[in-house]
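Data block below; observations after.
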Amino acid sequence: MTTRPGDVRIDDLGAPIFATEIEQMMGAVGPLAKAIPWKIEAALDQAASESGLDDFGEDIYSEPLAVFLEGARVEGDLSAMGEVMVWGQVIQFLKNRLLVEEEFKRHPEIAGEVIDRPIVIAGLPRTGTTHLHNLISSDPALHFLPWWESLEPLPPLAEAGGNFEVDPRWHRAGEGIALRDRIMPYFNRMHDMWPDHAHEEIHLLAIGGSTMFFETLAPSERWKEYYCGTDQTPWYRYMHRVLQLIQARRKKPGRWILKSPQHLEQFAPLSRVFPDATTVVTHRDPVSITASFATMATYSARLSLRTVDPTKVGGYWAKRIEEMLHACVDDRELLAPERSLDVLFHEFMADDMATVAAIYALADQPLDSGARRAMDSFMQDHPRGKHGRVLYSLADFGLVEKERRQALNFYSERFGVVQEGN
């Protein structure tokens, strides 16, 4: 047996402390940040130049990306590292899009790929979705999106057709995680990651041009209002398009297991684009979720913000969580009752395999001995909390438990959520 690390409380949320080498690295990007043009036209030109391609496909990307870039520039309060990261992410999404469009031109038959009856997990962060997603993804009969492939669904042209023992994209993903762990050594306590772990579709939505993920890169009211006020169906269709491409390259049949917190407030486009999906909606004490996610978001903000204000970051995400839960309550009936299931966190934690069995029964997916062995192996290799826990408190963000409970009671009563201690 291994000894699980002891609990920690992050005491530098508002005044991050970095190792000397990290401070030097973050300071060295200043000239790169000053050279960023912050215009969608410049981003398109750079992506085309770096990829060797120029066809971005149907233009559903330029308007949302222009809004996001302006919001990040004006409202983001980004550090030099944050500016370089945001610009680099946008360029990568655009290069991915160019590669996707090129692949469809070379292989138009990909458009005939059927994304058959996917199993979709919709739930806020900290509700058990990551463990549930990775547990089900261990079933060899299912398709899932690994972290490395979400970052680069296709290799750059210079690597296409190369004879590599290990895909360079996998190595790049691992290097990114290693750097993250040097900058934020407690992050894996809150969200364990490795190159092959099952990831969300938010990066595929970003290739389309619109995703809630942009809020985590640079919180911006300008972007949030655009995203929340625009029907997201076109970008869900593009996500479907990228899934078709990935599925075609795998050359084996199988259903998908998908997951994203964004789906919780996008049941309408999700249902339009995946009308035969089985949807699993996860629920947990929303006050506990708020404290936990505010901690993770504020800790992550040290990567990109000039000044980390826990009250501001925590308050932003407390409001967004409330908005997302209102959307969930308002739109839950859009999910077909014969193909949707509500999962309570405390029940899942008590017996995760019973929850999996219920999902498989609803989805009419065989839970055979091979799937069970794979899941048992996953749980042995990845026990919950193996990296230790981070302790969190609403008070760290100027939030009051009584006020949050009253504000979020509409959701707790609707789904019978059990209150947790904070």
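Labels for the structure tokens follow display order: chains A, B, ..., residues from 1 in each chain, ligands from 1.
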
| Neighbours of Trp147 of chain A within 10 Å (only C-alpha atoms; same-chain residues fewer than 5 positions away dropped), as number ranges by chain? | A: 152-153, 169-170, 173-174, 193-201, 203

Running DSSP on the backbone, which parts of segment 155-404 of chain A land in helix (DSSP H, G or I), as a compact mmCIF listing (two decimals) with N, CA and C atoms, in the first residue's frame?
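The resulting file, out-v5.txt, is reproduced below:
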```
# COMPACT_ATOMS: atom_id res chain seq x y z
N PRO A 168 4.29 12.20 -31.66
CA PRO A 168 4.83 13.43 -31.06
C PRO A 168 3.78 14.26 -30.33
N ARG A 169 2.53 14.16 -30.76
CA ARG A 169 1.47 14.88 -30.07
C ARG A 169 1.34 14.40 -28.63
N TRP A 170 1.53 13.11 -28.41
CA TRP A 170 1.47 12.55 -27.07
C TRP A 170 2.59 13.13 -26.22
N HIS A 171 3.79 13.21 -26.79
CA HIS A 171 4.92 13.76 -26.05
C HIS A 171 4.68 15.24 -25.71
N ARG A 172 4.14 15.99 -26.66
CA ARG A 172 3.89 17.41 -26.39
C ARG A 172 2.88 17.58 -25.26
N ALA A 173 1.86 16.75 -25.26
CA ALA A 173 0.86 16.82 -24.18
C ALA A 173 1.50 16.51 -22.84
N GLY A 174 2.35 15.49 -22.80
CA GLY A 174 3.02 15.15 -21.55
C GLY A 174 3.93 16.25 -21.05
N GLU A 175 4.64 16.91 -21.98
CA GLU A 175 5.51 18.02 -21.60
C GLU A 175 4.70 19.18 -21.03
N GLY A 176 3.52 19.41 -21.60
CA GLY A 176 2.66 20.48 -21.08
C GLY A 176 2.20 20.19 -19.66
N ILE A 177 1.84 18.95 -19.38
CA ILE A 177 1.41 18.58 -18.04
C ILE A 177 2.58 18.71 -17.05
N ALA A 178 3.77 18.30 -17.48
CA ALA A 178 4.94 18.41 -16.62
C ALA A 178 5.23 19.87 -16.25
N LEU A 179 5.09 20.77 -17.23
CA LEU A 179 5.30 22.19 -16.96
C LEU A 179 4.22 22.71 -16.02
N ARG A 180 2.98 22.32 -16.25
CA ARG A 180 1.90 22.72 -15.34
C ARG A 180 2.18 22.29 -13.92
N ASP A 181 2.68 21.07 -13.75
CA ASP A 181 2.95 20.56 -12.40
C ASP A 181 4.09 21.32 -11.72
N ARG A 182 5.02 21.84 -12.51
CA ARG A 182 6.09 22.66 -11.92
C ARG A 182 5.55 24.00 -11.46
N ILE A 183 4.62 24.56 -12.22
CA ILE A 183 4.06 25.87 -11.87
C ILE A 183 3.01 25.74 -10.78
N PHE A 187 -2.16 21.17 -8.41
CA PHE A 187 -3.29 21.06 -9.33
C PHE A 187 -3.78 19.63 -9.47
N ASN A 188 -2.86 18.66 -9.49
CA ASN A 188 -3.30 17.28 -9.69
C ASN A 188 -4.10 16.74 -8.52
N ARG A 189 -4.08 17.42 -7.39
CA ARG A 189 -4.96 17.03 -6.28
C ARG A 189 -6.41 17.36 -6.61
N MET A 190 -6.60 18.37 -7.45
CA MET A 190 -7.96 18.80 -7.79
C MET A 190 -8.43 18.22 -9.12
N ILE A 202 -14.36 20.39 -24.93
CA ILE A 202 -14.28 21.85 -25.02
C ILE A 202 -13.24 22.31 -26.05
N HIS A 203 -12.17 21.54 -26.21
CA HIS A 203 -11.18 21.93 -27.21
C HIS A 203 -11.71 21.72 -28.63
N LEU A 204 -12.55 20.73 -28.82
CA LEU A 204 -13.15 20.53 -30.14
C LEU A 204 -14.13 21.66 -30.45
N LEU A 205 -14.90 22.08 -29.45
CA LEU A 205 -15.79 23.23 -29.63
C LEU A 205 -14.98 24.48 -29.95
N ALA A 206 -13.81 24.61 -29.32
CA ALA A 206 -12.96 25.78 -29.56
C ALA A 206 -12.43 25.79 -30.99
N ILE A 207 -12.18 24.61 -31.56
CA ILE A 207 -11.77 24.55 -32.96
C ILE A 207 -12.88 25.12 -33.84
N GLY A 208 -14.11 24.89 -33.44
CA GLY A 208 -15.24 25.48 -34.15
C GLY A 208 -15.27 26.99 -34.01
N PHE A 213 -14.92 27.23 -22.60
CA PHE A 213 -13.51 27.14 -22.22
C PHE A 213 -12.83 28.50 -22.26
N PHE A 214 -13.25 29.37 -23.17
CA PHE A 214 -12.63 30.69 -23.26
C PHE A 214 -12.74 31.46 -21.95
N GLU A 215 -13.79 31.22 -21.19
CA GLU A 215 -13.95 31.91 -19.90
C GLU A 215 -12.86 31.52 -18.92
N THR A 216 -12.36 30.30 -19.01
CA THR A 216 -11.31 29.87 -18.10
C THR A 216 -9.95 30.43 -18.53
N LEU A 217 -9.81 30.80 -19.78
CA LEU A 217 -8.57 31.39 -20.25
C LEU A 217 -8.46 32.85 -19.86
N GLU A 221 -16.71 39.55 -19.36
CA GLU A 221 -18.16 39.72 -19.47
C GLU A 221 -18.57 39.86 -20.93
N ARG A 222 -17.72 40.49 -21.73
CA ARG A 222 -18.00 40.66 -23.15
C ARG A 222 -18.15 39.30 -23.82
N TRP A 223 -17.22 38.38 -23.52
CA TRP A 223 -17.31 37.06 -24.11
C TRP A 223 -18.49 36.28 -23.55
N LYS A 224 -18.68 36.33 -22.24
CA LYS A 224 -19.76 35.57 -21.63
C LYS A 224 -21.11 35.97 -22.20
N GLU A 225 -21.33 37.27 -22.37
CA GLU A 225 -22.61 37.74 -22.91
C GLU A 225 -22.80 37.25 -24.34
N TYR A 226 -21.73 37.25 -25.12
CA TYR A 226 -21.84 36.76 -26.50
C TYR A 226 -22.15 35.26 -26.50
N TYR A 227 -21.38 34.51 -25.76
CA TYR A 227 -21.54 33.06 -25.72
C TYR A 227 -22.93 32.67 -25.19
N CYS A 228 -23.34 33.26 -24.08
CA CYS A 228 -24.63 32.90 -23.49
C CYS A 228 -25.81 33.41 -24.32
N THR A 233 -25.66 25.86 -31.36
CA THR A 233 -25.83 24.70 -32.24
C THR A 233 -24.77 24.61 -33.34
N PRO A 234 -24.41 25.70 -34.03
CA PRO A 234 -23.39 25.57 -35.09
C PRO A 234 -22.07 25.00 -34.59
N TRP A 235 -21.69 25.36 -33.38
CA TRP A 235 -20.41 24.89 -32.85
C TRP A 235 -20.52 23.46 -32.33
N TYR A 236 -21.68 23.06 -31.88
CA TYR A 236 -21.89 21.65 -31.55
C TYR A 236 -21.85 20.80 -32.82
N ARG A 237 -22.36 21.35 -33.91
CA ARG A 237 -22.28 20.62 -35.18
C ARG A 237 -20.81 20.47 -35.60
N TYR A 238 -20.02 21.49 -35.36
CA TYR A 238 -18.61 21.38 -35.73
C TYR A 238 -17.89 20.37 -34.84
N MET A 239 -18.24 20.34 -33.57
CA MET A 239 -17.69 19.32 -32.69
C MET A 239 -18.01 17.93 -33.21
N HIS A 240 -19.25 17.75 -33.66
CA HIS A 240 -19.67 16.48 -34.27
C HIS A 240 -18.78 16.16 -35.48
N ARG A 241 -18.48 17.18 -36.26
CA ARG A 241 -17.64 17.02 -37.45
C ARG A 241 -16.24 16.52 -37.07
N VAL A 242 -15.66 17.09 -36.02
CA VAL A 242 -14.33 16.67 -35.60
C VAL A 242 -14.37 15.25 -35.03
N LEU A 243 -15.43 14.91 -34.32
CA LEU A 243 -15.58 13.54 -33.81
C LEU A 243 -15.65 12.55 -34.97
N GLN A 244 -16.34 12.92 -36.05
CA GLN A 244 -16.37 12.05 -37.22
C GLN A 244 -14.96 11.78 -37.74
N LEU A 245 -14.15 12.82 -37.80
CA LEU A 245 -12.79 12.69 -38.31
C LEU A 245 -11.96 11.78 -37.40
N ILE A 246 -12.04 12.00 -36.10
CA ILE A 246 -11.28 11.17 -35.16
C ILE A 246 -11.73 9.72 -35.24
N GLN A 247 -13.03 9.51 -35.32
CA GLN A 247 -13.58 8.15 -35.39
C GLN A 247 -13.10 7.45 -36.67
N ALA A 248 -13.07 8.16 -37.78
CA ALA A 248 -12.65 7.56 -39.05
C ALA A 248 -11.21 7.09 -38.98
N ARG A 249 -10.36 7.78 -38.23
CA ARG A 249 -8.95 7.41 -38.13
C ARG A 249 -8.72 6.22 -37.20
N ARG A 250 -9.71 5.88 -36.40
CA ARG A 250 -9.51 4.78 -35.45
C ARG A 250 -9.82 3.42 -36.05
N PRO A 261 -18.69 20.13 -18.67
CA PRO A 261 -19.57 20.98 -17.87
C PRO A 261 -20.43 21.89 -18.75
N GLN A 262 -19.88 22.29 -19.91
CA GLN A 262 -20.62 23.19 -20.78
C GLN A 262 -21.98 22.62 -21.16
N HIS A 263 -22.06 21.31 -21.34
CA HIS A 263 -23.32 20.69 -21.77
C HIS A 263 -24.46 21.00 -20.80
N LEU A 264 -24.12 21.27 -19.53
CA LEU A 264 -25.15 21.48 -18.52
C LEU A 264 -26.04 22.67 -18.86
N GLU A 265 -25.50 23.66 -19.57
CA GLU A 265 -26.31 24.82 -19.95
C GLU A 265 -26.57 24.85 -21.45
N PHE A 267 -28.33 22.05 -23.17
CA PHE A 267 -29.10 20.84 -23.47
C PHE A 267 -29.79 20.94 -24.83
N ALA A 268 -30.21 22.14 -25.25
CA ALA A 268 -30.90 22.28 -26.54
C ALA A 268 -29.99 21.94 -27.71
N PRO A 269 -28.83 22.60 -27.88
CA PRO A 269 -27.95 22.22 -29.00
C PRO A 269 -27.42 20.79 -28.87
N LEU A 270 -27.17 20.35 -27.65
CA LEU A 270 -26.70 18.98 -27.45
C LEU A 270 -27.73 17.99 -27.99
N SER A 271 -29.01 18.23 -27.70
CA SER A 271 -30.07 17.33 -28.14
C SER A 271 -30.31 17.41 -29.64
N ARG A 272 -30.11 18.59 -30.23
CA ARG A 272 -30.29 18.72 -31.68
C ARG A 272 -29.21 17.96 -32.45
N VAL A 273 -27.98 18.08 -31.98
CA VAL A 273 -26.85 17.51 -32.72
C VAL A 273 -26.66 16.03 -32.42
N PRO A 286 -24.36 22.32 -4.37
CA PRO A 286 -23.81 23.42 -5.16
C PRO A 286 -22.92 24.37 -4.36
N VAL A 287 -23.11 24.42 -3.06
CA VAL A 287 -22.25 25.27 -2.24
C VAL A 287 -20.85 24.66 -2.15
N SER A 288 -20.81 23.36 -1.97
CA SER A 288 -19.52 22.67 -1.97
C SER A 288 -18.83 22.81 -3.32
N ILE A 289 -19.61 22.68 -4.40
CA ILE A 289 -19.05 22.85 -5.74
C ILE A 289 -18.43 24.24 -5.88
N THR A 290 -19.15 25.25 -5.43
CA THR A 290 -18.69 26.64 -5.57
C THR A 290 -17.36 26.84 -4.86
N ALA A 291 -17.27 26.36 -3.61
CA ALA A 291 -16.02 26.53 -2.86
C ALA A 291 -14.88 25.79 -3.52
N SER A 292 -15.14 24.58 -3.97
CA SER A 292 -14.10 23.76 -4.57
C SER A 292 -13.65 24.33 -5.91
N PHE A 293 -14.62 24.68 -6.78
CA PHE A 293 -14.22 25.18 -8.09
C PHE A 293 -13.59 26.56 -8.01
N ALA A 294 -14.07 27.40 -7.08
CA ALA A 294 -13.45 28.72 -6.92
C ALA A 294 -11.98 28.56 -6.52
N THR A 295 -11.69 27.55 -5.70
CA THR A 295 -10.31 27.29 -5.31
C THR A 295 -9.48 26.89 -6.53
N MET A 296 -9.99 25.97 -7.34
CA MET A 296 -9.25 25.51 -8.50
C MET A 296 -9.07 26.63 -9.52
N ALA A 297 -10.12 27.42 -9.75
CA ALA A 297 -10.04 28.50 -10.73
C ALA A 297 -9.07 29.58 -10.28
N THR A 298 -9.09 29.90 -8.99
CA THR A 298 -8.19 30.94 -8.48
C THR A 298 -6.75 30.47 -8.49
N TYR A 299 -6.54 29.22 -8.14
CA TYR A 299 -5.19 28.64 -8.17
C TYR A 299 -4.66 28.64 -9.61
N SER A 300 -5.52 28.29 -10.56
CA SER A 300 -5.11 28.26 -11.96
C SER A 300 -4.85 29.66 -12.51
N ALA A 301 -5.50 30.66 -11.94
CA ALA A 301 -5.38 32.03 -12.46
C ALA A 301 -3.96 32.56 -12.36
N PRO A 310 -8.75 36.73 -5.29
CA PRO A 310 -9.65 35.61 -5.00
C PRO A 310 -11.11 36.02 -4.93
N THR A 311 -11.40 37.21 -4.41
CA THR A 311 -12.78 37.66 -4.32
C THR A 311 -13.38 37.85 -5.71
N LYS A 312 -12.60 38.43 -6.62
CA LYS A 312 -13.09 38.66 -7.98
C LYS A 312 -13.25 37.35 -8.74
N VAL A 313 -12.22 36.49 -8.69
CA VAL A 313 -12.28 35.22 -9.42
C VAL A 313 -13.36 34.33 -8.83
N GLY A 314 -13.38 34.20 -7.50
CA GLY A 314 -14.39 33.36 -6.86
C GLY A 314 -15.80 33.88 -7.08
N GLY A 315 -15.97 35.21 -7.05
CA GLY A 315 -17.29 35.79 -7.28
C GLY A 315 -17.77 35.56 -8.70
N TYR A 316 -16.85 35.65 -9.67
CA TYR A 316 -17.23 35.40 -11.06
C TYR A 316 -17.76 33.99 -11.22
N TRP A 317 -17.05 33.02 -10.68
CA TRP A 317 -17.45 31.64 -10.88
C TRP A 317 -18.64 31.24 -10.00
N ALA A 318 -18.82 31.90 -8.88
CA ALA A 318 -20.03 31.66 -8.09
C ALA A 318 -21.27 32.07 -8.89
N LYS A 319 -21.16 33.20 -9.57
CA LYS A 319 -22.27 33.67 -10.40
C LYS A 319 -22.50 32.74 -11.59
N ARG A 320 -21.41 32.32 -12.23
CA ARG A 320 -21.55 31.45 -13.40
C ARG A 320 -22.14 30.09 -13.03
N ILE A 321 -21.72 29.56 -11.89
CA ILE A 321 -22.28 28.28 -11.44
C ILE A 321 -23.78 28.42 -11.21
N GLU A 322 -24.19 29.52 -10.60
CA GLU A 322 -25.62 29.75 -10.37
C GLU A 322 -26.36 29.84 -11.71
N GLU A 323 -25.79 30.54 -12.68
CA GLU A 323 -26.42 30.66 -13.99
C GLU A 323 -26.53 29.30 -14.68
N MET A 324 -25.49 28.51 -14.59
CA MET A 324 -25.51 27.20 -15.24
C MET A 324 -26.53 26.27 -14.59
N LEU A 325 -26.66 26.36 -13.28
CA LEU A 325 -27.64 25.52 -12.60
C LEU A 325 -29.07 25.95 -12.92
N HIS A 326 -29.29 27.26 -13.10
CA HIS A 326 -30.62 27.72 -13.56
C HIS A 326 -30.92 27.13 -14.94
N ALA A 327 -29.93 27.16 -15.83
CA ALA A 327 -30.13 26.60 -17.16
C ALA A 327 -30.44 25.11 -17.08
N CYS A 328 -29.76 24.41 -16.20
CA CYS A 328 -30.00 22.97 -16.03
C CYS A 328 -31.43 22.72 -15.56
N VAL A 329 -31.87 23.45 -14.57
CA VAL A 329 -33.24 23.29 -14.06
C VAL A 329 -34.26 23.65 -15.13
N ASP A 330 -34.03 24.76 -15.82
CA ASP A 330 -35.00 25.23 -16.82
C ASP A 330 -35.12 24.28 -18.01
N ASP A 331 -33.99 23.65 -18.40
CA ASP A 331 -33.96 22.89 -19.65
C ASP A 331 -33.87 21.38 -19.46
N ARG A 332 -33.89 20.91 -18.22
CA ARG A 332 -33.73 19.47 -17.99
C ARG A 332 -34.76 18.66 -18.76
N GLU A 333 -35.95 19.20 -18.96
CA GLU A 333 -37.02 18.46 -19.65
C GLU A 333 -36.74 18.29 -21.15
N LEU A 334 -35.74 19.01 -21.67
CA LEU A 334 -35.39 18.85 -23.08
C LEU A 334 -34.72 17.50 -23.34
N PRO A 337 -36.63 11.56 -21.44
CA PRO A 337 -36.61 10.83 -20.15
C PRO A 337 -36.17 9.38 -20.29
N GLU A 338 -36.46 8.77 -21.43
CA GLU A 338 -36.06 7.36 -21.61
C GLU A 338 -34.57 7.22 -21.92
N ARG A 339 -33.87 8.35 -22.11
CA ARG A 339 -32.44 8.29 -22.40
C ARG A 339 -31.64 9.27 -21.55
N PHE A 345 -24.09 12.80 -6.39
CA PHE A 345 -22.68 12.60 -6.06
C PHE A 345 -22.49 11.61 -4.92
N HIS A 346 -23.28 11.74 -3.86
CA HIS A 346 -23.06 10.87 -2.70
C HIS A 346 -23.37 9.42 -3.04
N GLU A 347 -24.31 9.19 -3.93
CA GLU A 347 -24.62 7.82 -4.33
C GLU A 347 -23.50 7.26 -5.22
N PHE A 348 -22.98 8.08 -6.10
CA PHE A 348 -21.88 7.64 -6.95
C PHE A 348 -20.64 7.32 -6.12
N MET A 349 -20.33 8.17 -5.14
CA MET A 349 -19.17 7.93 -4.29
C MET A 349 -19.34 6.65 -3.47
N ALA A 350 -20.57 6.35 -3.08
CA ALA A 350 -20.82 5.15 -2.26
C ALA A 350 -20.65 3.87 -3.06
N ASP A 352 -19.56 3.35 -7.06
CA ASP A 352 -19.38 3.86 -8.42
C ASP A 352 -19.77 2.84 -9.48
N MET A 353 -19.54 1.57 -9.23
CA MET A 353 -19.90 0.57 -10.23
C MET A 353 -21.41 0.38 -10.35
N ALA A 354 -22.15 0.61 -9.28
CA ALA A 354 -23.60 0.57 -9.38
C ALA A 354 -24.11 1.69 -10.28
N THR A 355 -23.48 2.85 -10.18
CA THR A 355 -23.83 3.96 -11.06
C THR A 355 -23.51 3.62 -12.50
N VAL A 356 -22.33 3.06 -12.73
CA VAL A 356 -21.95 2.67 -14.09
C VAL A 356 -22.94 1.65 -14.65
N ALA A 357 -23.33 0.68 -13.83
CA ALA A 357 -24.28 -0.35 -14.29
C ALA A 357 -25.61 0.28 -14.68
N ALA A 358 -26.07 1.27 -13.92
CA ALA A 358 -27.33 1.94 -14.24
C ALA A 358 -27.23 2.70 -15.55
N ILE A 359 -26.07 3.33 -15.79
CA ILE A 359 -25.87 4.08 -17.04
C ILE A 359 -25.85 3.11 -18.22
N TYR A 360 -25.14 2.02 -18.08
CA TYR A 360 -25.06 1.05 -19.16
C TYR A 360 -26.43 0.45 -19.46
N ALA A 361 -27.21 0.19 -18.42
CA ALA A 361 -28.54 -0.38 -18.64
C ALA A 361 -29.41 0.61 -19.41
N LEU A 362 -29.36 1.88 -19.02
CA LEU A 362 -30.16 2.90 -19.70
C LEU A 362 -29.71 3.07 -21.15
N ALA A 363 -28.40 3.00 -21.38
CA ALA A 363 -27.84 3.20 -22.72
C ALA A 363 -27.89 1.94 -23.57
N SER A 369 -17.69 -8.79 -19.04
CA SER A 369 -16.56 -9.06 -18.16
C SER A 369 -15.33 -8.27 -18.57
N GLY A 370 -15.14 -8.07 -19.88
CA GLY A 370 -14.00 -7.28 -20.33
C GLY A 370 -14.07 -5.84 -19.85
N ALA A 371 -15.26 -5.25 -19.92
CA ALA A 371 -15.45 -3.88 -19.45
C ALA A 371 -15.22 -3.80 -17.94
N ARG A 372 -15.76 -4.76 -17.20
CA ARG A 372 -15.59 -4.75 -15.74
C ARG A 372 -14.13 -4.91 -15.34
N ARG A 373 -13.41 -5.79 -16.02
CA ARG A 373 -11.98 -5.95 -15.70
C ARG A 373 -11.22 -4.66 -15.97
N ALA A 374 -11.53 -4.03 -17.09
CA ALA A 374 -10.84 -2.77 -17.42
C ALA A 374 -11.13 -1.69 -16.38
N MET A 375 -12.38 -1.62 -15.93
CA MET A 375 -12.73 -0.62 -14.92
C MET A 375 -12.09 -0.93 -13.57
N ASP A 376 -12.05 -2.20 -13.20
CA ASP A 376 -11.37 -2.58 -11.95
C ASP A 376 -9.89 -2.20 -12.01
N SER A 377 -9.27 -2.45 -13.15
CA SER A 377 -7.87 -2.10 -13.32
C SER A 377 -7.67 -0.59 -13.22
N PHE A 378 -8.58 0.18 -13.85
CA PHE A 378 -8.47 1.63 -13.78
C PHE A 378 -8.55 2.11 -12.34
N MET A 379 -9.49 1.58 -11.57
CA MET A 379 -9.66 2.04 -10.19
C MET A 379 -8.47 1.66 -9.32
N GLN A 380 -7.83 0.55 -9.61
CA GLN A 380 -6.63 0.18 -8.87
C GLN A 380 -5.47 1.13 -9.18
N ASP A 381 -5.36 1.51 -10.45
CA ASP A 381 -4.28 2.40 -10.86
C ASP A 381 -4.55 3.86 -10.52
N LEU A 394 -15.39 28.82 1.45
CA LEU A 394 -16.01 29.97 0.78
C LEU A 394 -15.44 31.29 1.26
N ALA A 395 -15.01 31.32 2.53
CA ALA A 395 -14.50 32.56 3.09
C ALA A 395 -13.26 33.06 2.36
N ASP A 396 -12.52 32.16 1.73
CA ASP A 396 -11.33 32.56 0.98
C ASP A 396 -11.68 33.48 -0.18
N PHE A 397 -12.96 33.50 -0.56
CA PHE A 397 -13.39 34.26 -1.73
C PHE A 397 -14.44 35.31 -1.38
N GLU A 401 -21.74 31.29 3.18
CA GLU A 401 -22.46 30.04 2.95
C GLU A 401 -23.97 30.22 2.99
N LYS A 402 -24.48 30.95 3.97
CA LYS A 402 -25.93 31.10 4.09
C LYS A 402 -26.52 31.76 2.84
N GLU A 403 -25.86 32.79 2.35
CA GLU A 403 -26.34 33.48 1.16
C GLU A 403 -26.31 32.56 -0.06
N ARG A 404 -25.21 31.79 -0.20
CA ARG A 404 -25.11 30.89 -1.34
C ARG A 404 -26.15 29.77 -1.26
```

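Proximity to Thr282 of chain A was assessed for A:His382, A:Lys259, A:His387, A:Arg106 counting only C-alpha atoms; the smallest distance is recorded for A:Lys259.
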
| field | For atom CA of Leu344 of chain A and atom CA of Pro366 of chain A, the interatomic separation in Å (one decimal) | value |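 Value for the atom CA of Leu344 of chain A-atom CA of Pro366 of chain A distance: 22.8 Å.
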
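Take the candidates A:Tyr186, A:Trp148, A:Phe410, A:Phe415 and check each one against Val390 of chain A using only C-alpha atoms; the shortest distance goes to A:Tyr186.
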
| said: So that I can see what lies close to Asp77 of chain A, please list as number ranges by chain the residues with an atom at most 8 Å from it, counting only C-alpha atoms and leaving out residues fewer than 5 positions away in the same chain. | reply: A: 72, 305-307

| query | Any idea what's packed within 7 Å of Pro64 of chain A, counting only C-alpha atoms, ignoring anything in its chain fewer than 4 positions away? Could you give it as a ChimeraX atom specification? | reply | /A:68,209-210

How would the residues just picked look written out with C-alpha atoms as a PDB file, in the first residue's frame?
```pdb
ATOM      1  CA  PHE A  68     -13.068  36.732 -27.339  1.00  0.00           C
ATOM      2  CA  GLY A 209     -14.758  28.928 -32.622  1.00  0.00           C
ATOM      3  CA  SER A 210     -17.020  29.085 -29.568  1.00  0.00           C
TER       4      SER A 210
END
```

| message | Excluding segment 158-160 of chain A and its own-chain neighbours fewer than 6 positions away, which residues fall within 12 Å of it when counting only C-alpha atoms? Please give them as a ChimeraX atom specification. | response | /A:50-53,99,103,152,166-169

| said: Excluding Ile17 of chain A and its own-chain neighbours fewer than 2 positions away, which residues fall within 12 Å of it when counting only C-alpha atoms? Please give them as a VMD selection string. | reply: chain A and resid 10 to 15 19 to 23 182 to 185 299 302 to 303 308

Put those residues in a file: C-alpha atoms, as a JSON list (two decimals), in the first residue's frame.
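The resulting file, selection-v5.json, is reproduced below:
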```json
[["chain", "number", "residue", "atom", "x", "y", "z"],
["A", 10, "ILE", "CA", -3.35, 26.67, -0.51],
["A", 11, "ASP", "CA", -2.28, 29.80, 1.35],
["A", 12, "ASP", "CA", -0.96, 31.87, -1.54],
["A", 13, "LEU", "CA", -4.09, 32.11, -3.71],
["A", 14, "GLY", "CA", -3.99, 35.91, -3.79],
["A", 15, "ALA", "CA", -0.22, 36.30, -3.78],
["A", 19, "ALA", "CA", 10.10, 28.92, -7.79],
["A", 20, "THR", "CA", 12.88, 31.17, -9.11],
["A", 21, "GLU", "CA", 13.11, 29.29, -12.41],
["A", 22, "ILE", "CA", 9.36, 29.72, -12.99],
["A", 23, "GLU", "CA", 9.52, 33.45, -12.21],
["A", 182, "ARG", "CA", 6.09, 22.66, -11.92],
["A", 183, "ILE", "CA", 4.06, 25.87, -11.87],
["A", 184, "MET", "CA", 1.08, 24.48, -9.92],
["A", 185, "PRO", "CA", 2.19, 21.45, -7.88],
["A", 299, "TYR", "CA", -5.19, 28.64, -8.17],
["A", 302, "ARG", "CA", -1.75, 32.45, -11.36],
["A", 303, "LEU", "CA", -0.83, 31.12, -14.78],
["A", 308, "VAL", "CA", -5.00, 37.34, -8.74]]
```

| task | To one decimal in Å, tell me the separation between atom CA of Arg4 of chain A and atom CA of Lys386 of chain A. | result |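 Going from atom CA of Arg4 of chain A over to atom CA of Lys386 of chain A, I get 5.8 Å.
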
| task | Name the residues in contact with Ala35 of chain A at a cut-off of 12 Å, using only C-alpha atoms, excluding same-chain residues fewer than 3 positions from it; report them as a list in words. | result | Val29, Gly30, Pro31, Leu32, Trp38, Lys39, Ala42, Ala80, Glu83, Val84 and Trp87 of chain A

| task | For atom CA of Pro275 of chain A and atom CA of Arg414 of chain A, determine how far apart the two atoms are, in Å to one decimal place. | result | 24.6 Å

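Proximity to Ala218 of chain A was assessed for A:Gln89, A:Gln266, A:Ser138, A:Gln365 counting only C-alpha atoms; the smallest distance is recorded for A:Gln89.
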
| request: Apply DSSP to the structure's backbone, then extract all residues of segment 259-320 of chain A labelled strand (DSSP E or B) and return them as a list in words. | output: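 Here is the list: Lys259, Thr278, Thr279, Val280, Val281, Thr282, His283 and Leu305 of chain A.
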
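Minimum atom-to-atom distance to Leu367 of chain A, evaluated using only C-alpha atoms, belongs to A:Leu142 out of A:Ile110, A:Val418, A:Leu142, A:Val67.
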